[in-house]
$ cat final.txt   # compact mmCIF, C-alpha atoms
# COMPACT_ATOMS: atom_id res chain seq x y z
CA MET A 1 -1.79 -7.76 19.37
CA LEU A 2 -4.63 -5.96 17.58
CA GLY A 3 -2.65 -2.73 17.77
CA ALA A 4 0.17 -4.37 15.81
CA VAL A 5 -1.97 -6.33 13.35
CA LEU A 6 -4.50 -3.61 12.44
CA PRO A 7 -1.95 -1.25 10.83
CA LEU A 8 -0.57 -4.24 8.94
CA LEU A 9 -4.01 -5.23 7.67
CA THR A 10 -4.72 -1.70 6.46
CA TRP A 11 -1.55 0.13 5.39
CA VAL A 12 0.19 -3.02 4.08
CA GLY A 13 -2.86 -5.17 3.33
CA VAL A 14 -4.90 -2.70 1.25
CA PRO A 15 -2.21 -2.06 -1.42
CA LEU A 16 -1.35 -5.75 -1.56
CA LEU A 17 -5.01 -6.75 -1.93
CA ALA A 18 -5.36 -4.15 -4.68
CA ALA A 19 -2.24 -5.55 -6.35
CA ALA A 20 -3.78 -9.02 -6.30
CA LEU A 21 -7.00 -7.71 -7.88
CA ALA A 22 -5.56 -5.17 -10.31
CA PRO A 23 -5.73 -6.02 -14.01
CA SER A 24 -2.45 -7.28 -15.42
CA ALA A 25 -1.83 -4.49 -17.88
CA PRO A 26 1.34 -2.44 -18.33
CA VAL A 27 1.14 1.12 -17.03
CA THR A 28 1.54 3.65 -19.84
CA PRO A 29 2.94 6.24 -19.79
CA TRP A 30 5.62 5.24 -17.33
CA PRO A 31 4.69 6.78 -13.94
CA ARG A 32 7.64 9.06 -13.19
CA TRP A 33 6.28 10.02 -9.77
CA VAL A 34 7.26 6.52 -8.62
CA LEU A 35 10.90 7.66 -8.73
CA PHE A 36 10.05 10.92 -6.96
CA LEU A 37 8.88 9.10 -3.80
CA PRO A 38 12.17 7.38 -2.80
CA VAL A 39 14.25 10.46 -3.65
CA VAL A 40 12.19 12.69 -1.33
CA ALA A 41 11.95 10.02 1.39
CA VAL A 42 15.71 9.38 1.44
CA ALA A 43 16.40 13.15 1.43
CA VAL A 44 14.13 13.71 4.45
CA TRP A 45 15.64 10.74 6.24
CA ALA A 46 19.19 11.97 5.53
CA ALA A 47 18.27 15.40 6.94
CA SER A 48 16.86 13.80 10.07
CA VAL A 49 20.06 11.87 10.90
CA GLN A 50 22.48 14.79 10.48
CA PRO A 51 22.01 16.49 13.88
CA THR A 52 24.00 15.02 16.76
CA GLU A 53 20.95 15.22 19.05
CA PRO A 54 17.70 13.77 17.65
CA ILE A 55 15.11 16.44 16.92
CA GLY A 56 11.65 15.21 17.84
CA TRP A 57 9.63 16.78 15.05
CA LEU A 58 12.21 15.83 12.41
CA THR A 59 12.26 12.26 13.70
CA ALA A 60 8.47 12.16 13.43
CA VAL A 61 8.50 13.56 9.89
CA ALA A 62 11.17 11.05 8.80
CA SER A 63 9.40 8.08 10.41
CA PRO A 64 7.49 5.71 8.09
CA GLY A 65 4.17 7.12 9.29
CA GLY A 66 5.30 10.73 8.90
CA LEU A 67 6.64 10.16 5.40
CA SER A 68 3.51 8.29 4.36
CA ALA A 69 1.21 10.95 5.82
CA GLY A 70 3.19 13.65 4.02
CA GLY A 71 2.88 11.71 0.78
CA VAL A 72 -0.89 11.27 1.16
CA VAL A 73 -1.44 14.95 2.01
CA VAL A 74 0.70 16.18 -0.90
CA ALA A 75 -0.99 13.72 -3.28
CA GLY A 76 -4.38 14.88 -2.00
CA VAL A 77 -3.55 18.54 -2.65
CA VAL A 78 -2.27 17.67 -6.14
CA VAL A 79 -5.33 15.64 -7.21
CA LEU A 80 -7.69 18.28 -5.80
CA ALA A 81 -5.85 21.19 -7.40
CA ARG A 82 -5.45 19.65 -10.86
CA ARG A 83 -8.59 19.84 -12.94
CA SER A 84 -7.30 17.01 -15.11
CA ALA A 85 -7.12 14.60 -12.15
CA THR A 86 -9.50 11.68 -12.63
CA PRO A 87 -12.06 10.56 -10.03
CA ALA A 88 -10.05 7.33 -9.79
CA ALA A 89 -6.97 9.26 -8.67
CA ARG A 90 -8.97 11.10 -6.00
CA LEU A 91 -10.57 7.90 -4.74
CA ALA A 92 -7.19 6.15 -4.71
CA VAL A 93 -5.71 8.89 -2.51
CA ALA A 94 -8.73 8.67 -0.21
CA SER A 95 -8.42 4.88 0.05
CA LEU A 96 -4.71 4.97 0.82
CA GLY A 97 -5.18 7.76 3.35
CA LEU A 98 -7.92 5.83 5.08
CA ALA A 99 -5.69 2.76 5.18
CA LEU A 100 -2.89 4.85 6.70
CA LEU A 101 -4.88 6.23 9.64
CA PRO A 102 -4.59 3.14 11.93
CA SER A 103 -0.86 2.98 11.25
CA LEU A 104 -0.45 6.65 12.16
CA ALA A 105 -2.54 6.23 15.31
CA SER A 106 -0.36 3.28 16.37
CA GLN A 107 2.69 5.58 16.31
CA LEU A 108 1.32 7.55 19.24
CA SER A 109 3.22 5.25 21.57
CA PRO A 110 4.58 6.57 24.88
CA ALA A 111 8.01 5.15 23.99
CA LEU A 112 8.86 8.21 21.90
CA ASP A 113 7.19 10.83 24.08
CA HIS A 114 10.60 11.95 25.38
CA LEU A 115 11.30 13.52 21.97
CA PRO A 116 9.79 17.01 22.10
CA GLY A 117 7.48 17.69 19.19
CA TYR A 118 7.17 14.05 18.12
CA ARG A 119 3.63 13.59 19.39
CA ALA A 120 2.49 16.95 18.00
CA ILE A 121 3.75 16.09 14.51
CA ILE A 122 2.05 12.67 14.50
CA ILE A 123 -1.25 14.20 15.70
CA THR A 124 -0.94 16.92 13.02
CA GLY A 125 -0.27 14.20 10.44
CA LEU A 126 -3.38 12.32 11.62
CA ILE A 127 -5.57 15.42 11.29
CA LEU A 128 -4.17 16.43 7.89
CA THR A 129 -4.47 12.88 6.56
CA ALA A 130 -8.07 12.65 7.77
CA LEU A 131 -8.85 15.97 6.07
CA ALA A 132 -7.20 14.78 2.86
CA VAL A 133 -9.24 11.56 2.99
CA LEU A 134 -12.44 13.53 3.50
CA ALA A 135 -11.77 16.06 0.74
CA THR A 136 -10.55 13.60 -1.90
CA GLY A 137 -13.18 11.03 -0.97
CA VAL A 138 -16.05 13.50 -1.31
CA ALA A 139 -14.66 14.95 -4.56
CA GLY A 140 -14.09 11.48 -6.03
CA ALA A 141 -17.48 10.16 -4.94
CA ARG A 142 -19.26 13.19 -6.41
CA ALA A 143 -17.47 12.72 -9.73
CA VAL A 144 -18.33 9.01 -9.83
CA HIS A 145 -21.94 9.79 -8.90
CA ALA A 146 -22.13 12.16 -11.86
CA LEU A 147 -21.16 9.35 -14.26
CA PRO A 148 -24.03 7.64 -16.08
CA ALA A 149 -24.97 4.41 -14.32
CA GLY A 150 -25.22 1.19 -16.30
CA VAL A 151 -23.70 2.62 -19.47
CA PRO A 152 -20.91 0.52 -21.01
CA SER A 153 -17.58 2.32 -20.96
CA ASP A 154 -17.05 1.88 -24.71
CA HIS A 155 -20.10 4.12 -25.30
CA ILE A 156 -18.31 7.05 -23.61
CA ASP A 157 -15.77 9.32 -25.41
CA MET B 1 -19.68 -18.44 -12.02
CA VAL B 2 -19.80 -21.04 -9.26
CA ASP B 3 -22.77 -22.68 -11.00
CA THR B 4 -20.83 -22.77 -14.27
CA TYR B 5 -17.82 -24.22 -12.48
CA LEU B 6 -19.94 -26.95 -10.86
CA THR B 7 -21.71 -27.78 -14.11
CA ALA B 8 -18.38 -28.10 -15.94
CA ALA B 9 -16.60 -29.95 -13.13
CA THR B 10 -19.38 -32.52 -12.67
CA ALA B 11 -20.45 -32.90 -16.30
CA ASP B 12 -19.40 -36.56 -16.44
CA ASP B 13 -21.07 -37.45 -13.17
CA PRO B 14 -24.28 -35.52 -12.59
CA GLU B 15 -25.08 -37.36 -9.35
CA TYR B 16 -21.78 -36.27 -7.86
CA ALA B 17 -23.03 -32.71 -8.04
CA GLU B 18 -25.40 -33.47 -5.17
CA PHE B 19 -22.50 -34.34 -2.88
CA GLY B 20 -19.56 -32.46 -4.30
CA THR B 21 -18.78 -28.87 -3.43
CA PRO B 22 -15.84 -26.72 -4.48
CA ALA B 23 -13.08 -26.28 -1.97
CA LEU B 24 -12.58 -22.93 -0.21
CA ALA B 25 -9.55 -22.19 -2.40
CA ASP B 26 -11.67 -22.74 -5.53
CA ARG B 27 -14.40 -20.46 -4.19
CA ILE B 28 -11.88 -17.72 -3.41
CA ASP B 29 -10.31 -18.10 -6.83
CA VAL B 30 -13.70 -17.83 -8.57
CA TRP B 31 -14.60 -14.81 -6.42
CA ARG B 32 -11.29 -13.13 -7.25
CA LEU B 33 -11.68 -13.87 -10.95
CA ALA B 34 -15.22 -12.50 -10.99
CA LEU B 35 -14.10 -9.33 -9.23
CA ARG B 36 -11.15 -8.85 -11.57
CA LEU B 37 -13.40 -9.31 -14.59
CA ARG B 38 -15.91 -6.85 -13.21
CA LEU B 39 -13.23 -4.27 -12.43
CA GLY B 40 -11.31 -4.38 -15.66
CA ALA B 41 -13.27 -6.14 -18.38
CA PRO B 42 -13.70 -4.39 -21.74
CA GLY B 43 -17.33 -3.45 -22.22
CA GLY B 44 -17.93 -3.01 -18.51
CA THR B 45 -19.90 -0.07 -17.21
CA VAL B 46 -18.27 3.32 -16.74
CA ARG B 47 -18.45 3.04 -12.97
CA ALA B 48 -16.94 -0.46 -13.02
CA MET B 49 -14.06 0.81 -15.16
CA MET B 50 -13.57 3.69 -12.74
CA ALA B 51 -13.45 1.22 -9.84
CA GLY B 52 -10.89 -0.84 -11.74
CA ARG B 53 -8.70 2.20 -12.33
CA THR B 54 -8.98 3.12 -8.66
CA VAL B 55 -7.86 -0.36 -7.61
CA HIS B 56 -4.97 -0.17 -10.06
CA LEU B 57 -3.87 3.21 -8.71
CA VAL B 58 -4.16 2.05 -5.09
CA ALA B 59 -1.99 -0.95 -5.96
CA LEU B 60 0.58 1.17 -7.78
CA ALA B 61 0.83 4.04 -5.29
CA GLY B 62 0.60 1.75 -2.25
CA SER B 63 3.29 -0.57 -3.58
CA ALA B 64 5.48 2.42 -4.40
CA ALA B 65 5.05 3.61 -0.81
CA LEU B 66 5.88 0.17 0.59
CA ALA B 67 8.96 -0.10 -1.64
CA THR B 68 10.06 3.39 -0.58
CA MET B 69 9.65 2.59 3.10
CA GLY B 70 11.64 -0.60 2.53
CA LEU B 71 14.42 1.36 0.87
CA VAL B 72 14.58 3.90 3.71
CA ALA B 73 14.56 1.07 6.27
CA GLU B 74 17.45 -0.68 4.53
CA ILE B 75 19.48 2.54 4.35
CA GLY B 76 18.74 3.15 8.03
CA ARG B 77 19.83 -0.37 8.91
CA ALA B 78 23.06 0.05 6.94
CA TRP B 79 23.68 3.35 8.77
CA VAL B 80 23.18 1.78 12.20
CA HIS B 81 25.66 -0.97 11.31
CA GLY B 82 28.20 1.58 10.03
CA LEU B 83 28.03 0.41 6.44
CA LEU B 84 27.44 3.85 4.90
CA THR B 85 30.64 5.54 3.77
CA GLY B 86 30.71 9.21 4.69
CA LEU B 87 28.08 8.85 7.38
CA PRO B 88 29.41 7.47 10.67
CA ALA B 89 27.20 5.09 12.62
CA PRO B 90 25.05 6.75 15.29
CA PRO B 91 26.19 6.59 18.90
CA LEU B 92 23.75 4.05 20.33
CA ALA B 93 23.42 3.05 23.95
CA GLY B 94 24.02 -0.61 23.12
CA THR B 95 25.22 -2.61 20.17
CA PRO B 96 22.75 -2.87 17.26
CA ALA B 97 20.71 -6.03 17.10
CA PRO B 98 22.58 -8.78 15.25
CA PHE B 99 21.46 -9.56 11.73
CA GLY B 100 19.64 -12.85 12.13
CA LEU B 101 16.93 -14.82 10.38
CA ARG B 102 14.37 -12.12 11.14
CA GLY B 103 16.57 -9.47 9.54
CA LEU B 104 16.98 -11.66 6.48
CA CYS B 105 13.18 -12.06 6.23
CA VAL B 106 12.64 -8.30 6.54
CA ASP B 107 15.28 -7.62 3.86
CA THR B 108 13.65 -10.16 1.57
CA LEU B 109 10.19 -8.59 2.05
CA HIS B 110 11.59 -5.13 1.26
CA LEU B 111 13.19 -6.51 -1.89
CA LEU B 112 9.95 -8.25 -2.87
CA ALA B 113 8.07 -4.94 -2.45
CA VAL B 114 10.35 -3.38 -5.07
CA ALA B 115 9.82 -6.41 -7.32
CA LEU B 116 6.04 -6.07 -6.87
CA LEU B 117 6.18 -2.44 -7.95
CA VAL B 118 8.14 -3.37 -11.08
CA CYS B 119 5.66 -6.18 -11.85
CA LEU B 120 2.71 -3.80 -11.49
CA ILE B 121 4.28 -1.20 -13.79
CA ARG B 122 5.14 -3.83 -16.41
CA GLY B 123 1.81 -5.62 -16.04
CA ALA B 124 3.46 -8.93 -15.12
CA GLY B 125 1.19 -11.69 -13.87
CA ALA B 126 3.55 -12.48 -10.99
CA ALA B 127 2.20 -9.46 -9.08
CA ARG B 128 -0.62 -11.51 -7.55
CA SER B 129 1.71 -14.19 -6.14
CA LEU B 130 4.17 -11.57 -4.92
CA ALA B 131 1.43 -9.60 -3.16
CA GLY B 132 0.19 -12.74 -1.39
CA GLY B 133 3.70 -13.76 -0.39
CA ILE B 134 4.60 -10.31 0.96
CA PHE B 135 1.40 -10.08 2.98
CA ALA B 136 1.88 -13.57 4.43
CA GLY B 137 5.47 -12.72 5.32
CA TRP B 138 4.59 -9.50 7.15
CA LEU B 139 1.71 -11.20 8.90
CA VAL B 140 3.98 -13.96 10.23
CA LEU B 141 6.65 -11.46 11.31
CA THR B 142 4.10 -9.25 13.05
CA VAL B 143 2.32 -12.07 14.85
CA THR B 144 5.53 -13.73 16.01
CA GLN B 145 7.04 -10.46 17.27
CA PRO B 146 4.69 -7.48 17.31
CA ILE B 147 6.26 -4.14 16.47
CA GLU B 148 6.59 -1.94 19.54
$ encode --input "final.txt" --output "structure tokens"
Amino acid sequence: MLGAVLPLLTWVGVPLLAAALAPSAPVTPWPRWVLFLPVVAVAVWAASVQPTEPIGWLTAVASPGGLSAGGVVVAGVVVLARRSATPAARLAVASLGLALLPSLASQLSPALDHLPGYRAIIITGLILTALAVLATGVAGARAVHALPAGVPSDHID
Amino acid sequence: MVDTYLTAATADDPEYAEFGTPALADRIDVWRLALRLRLGAPGGTVRAMMAGRTVHLVALAGSAALATMGLVAEIGRAWVHGLLTGLPAPPLAGTPAPFGLRGLCVDTLHLLAVALLVCLIRGAGAARSLAGGIFAGWLVLTVTQPIE
């Protein structure tokens, strides 16, 4: 039971808790990357269903965990590479990656071991996601630590 | 904030304050309000504002991911049931599971995830209720039939 509930509490619960706590303000400018996510996800899924015989590694990449891990890793690389990325963006990627790890670990079920390459892709996704969490978390925490403590935000800029 | 709430709620009957205590729902609501104010209030500290932006981004990106997964799941379900034109249904060992009450609940939760994302982008106040409803729905579905 814990194996089923823990991924729910993290990967589903963390964004929903954040949504409940987030300030009710419109997002400007309109975040275009929100449209990018479903386009890429559907494209990967469509590629994975084309072969007549299921390919293990492609099935793993197109699974919810694989797609999410890919998204976190790509987002991590982007926020680390861009100098203009805010500490909030880096910490957000780290938080989501951390929330994803239990869900990824739960996909290491023996039921799909018959697909060659499936387990290797999920383990690779786990390692890359953990590295992305570490790198973005450290970078974000350092940037936040460099901010002046106790200073009202309207005194900055 | 709890002190202020108690003072205001028991202003007409000071003695009641000795016996009365806010319900758990009231305490959670006050806690949530205090946290929201701390995370996003104008005039807050730089670090508090940064935490608020982080929470907002986690909500936005996480909801976008949930909505995307919902979309892929719905397309996959339509494919299994042979509803996609141009893409024949996969040869499965048995017949696909019939679309019952559980399927309807899952579809509804996927749809609500998309609605939550739209609410977050537009800054609509319904996001909080939607988030609570979606989480409760997934919790019930998971507990009643854990995912293999």
$ residues_around --input "final.txt" --residues "stretch 119-124 of chain B" --least-positions-apart "2" --cutoff "9 Å" --atoms "only C-alpha atoms" --output "ChimeraX atom specification"
/A:19,22-28,30-31 /B:56,59-60,63,114-117,126-128,130
$ closest_residue --input "final.txt" --among "A:Val144, A:Leu80, A:Ala60, A:Val138" --to "A:Leu126" --atoms "all atoms listed in the file"
A:Ala60
$ interface_residues --input "final.txt" --of "chain B" --to "chain A" --cutoff "6 Å" --atoms "all atoms listed in the file" --output "PyMOL selection string"
chain B and resi 36+43-46+50+53-59+62+68+121-123+125+128+131+146
$ atom_distance --input "final.txt" --atom1 "atom CA of A:Leu101" --atom2 "atom CA of A:Leu131"
11.1 Å
$ residues_around --input "final.txt" --residues "stretch 121-123 of chain A" --least-positions-apart "5" --cutoff "10 Å" --atoms "all atoms listed in the file" --output "PDB file with C-alpha atoms, keeping the file's coordinate frame"
ATOM      1  CA  GLY A  56      11.650  15.210  17.840  1.00  0.00           C
ATOM      2  CA  TRP A  57       9.630  16.780  15.050  1.00  0.00           C
ATOM      3  CA  LEU A  58      12.210  15.830  12.410  1.00  0.00           C
ATOM      4  CA  THR A  59      12.260  12.260  13.700  1.00  0.00           C
ATOM      5  CA  ALA A  60       8.470  12.160  13.430  1.00  0.00           C
ATOM      6  CA  VAL A  61       8.500  13.560   9.890  1.00  0.00           C
ATOM      7  CA  SER A  63       9.400   8.080  10.410  1.00  0.00           C
ATOM      8  CA  GLY A  65       4.170   7.120   9.290  1.00  0.00           C
ATOM      9  CA  GLY A  66       5.300  10.730   8.900  1.00  0.00           C
ATOM     10  CA  ALA A  69       1.210  10.950   5.820  1.00  0.00           C
ATOM     11  CA  LEU A 104      -0.450   6.650  12.160  1.00  0.00           C
ATOM     12  CA  ALA A 105      -2.540   6.230  15.310  1.00  0.00           C
ATOM     13  CA  SER A 106      -0.360   3.280  16.370  1.00  0.00           C
ATOM     14  CA  GLN A 107       2.690   5.580  16.310  1.00  0.00           C
ATOM     15  CA  LEU A 108       1.320   7.550  19.240  1.00  0.00           C
ATOM     16  CA  PRO A 116       9.790  17.010  22.100  1.00  0.00           C
ATOM     17  CA  LEU A 128      -4.170  16.430   7.890  1.00  0.00           C
ATOM     18  CA  THR A 129      -4.470  12.880   6.560  1.00  0.00           C
TER      19      THR A 129
END
$ atom_distance --input "final.txt" --atom1 "atom CA of A:Arg142" --atom2 "atom CA of A:Val77"
17.0 Å
$ atom_distance --input "final.txt" --atom1 "atom CA of A:Arg82" --atom2 "atom CA of B:Ala113"
29.3 Å
$ closest_residue --input "final.txt" --among "B:Thr4, B:Glu74, B:Val143, B:Pro90" --to "B:Asp107" --atoms "all atoms listed in the file"
B:Glu74
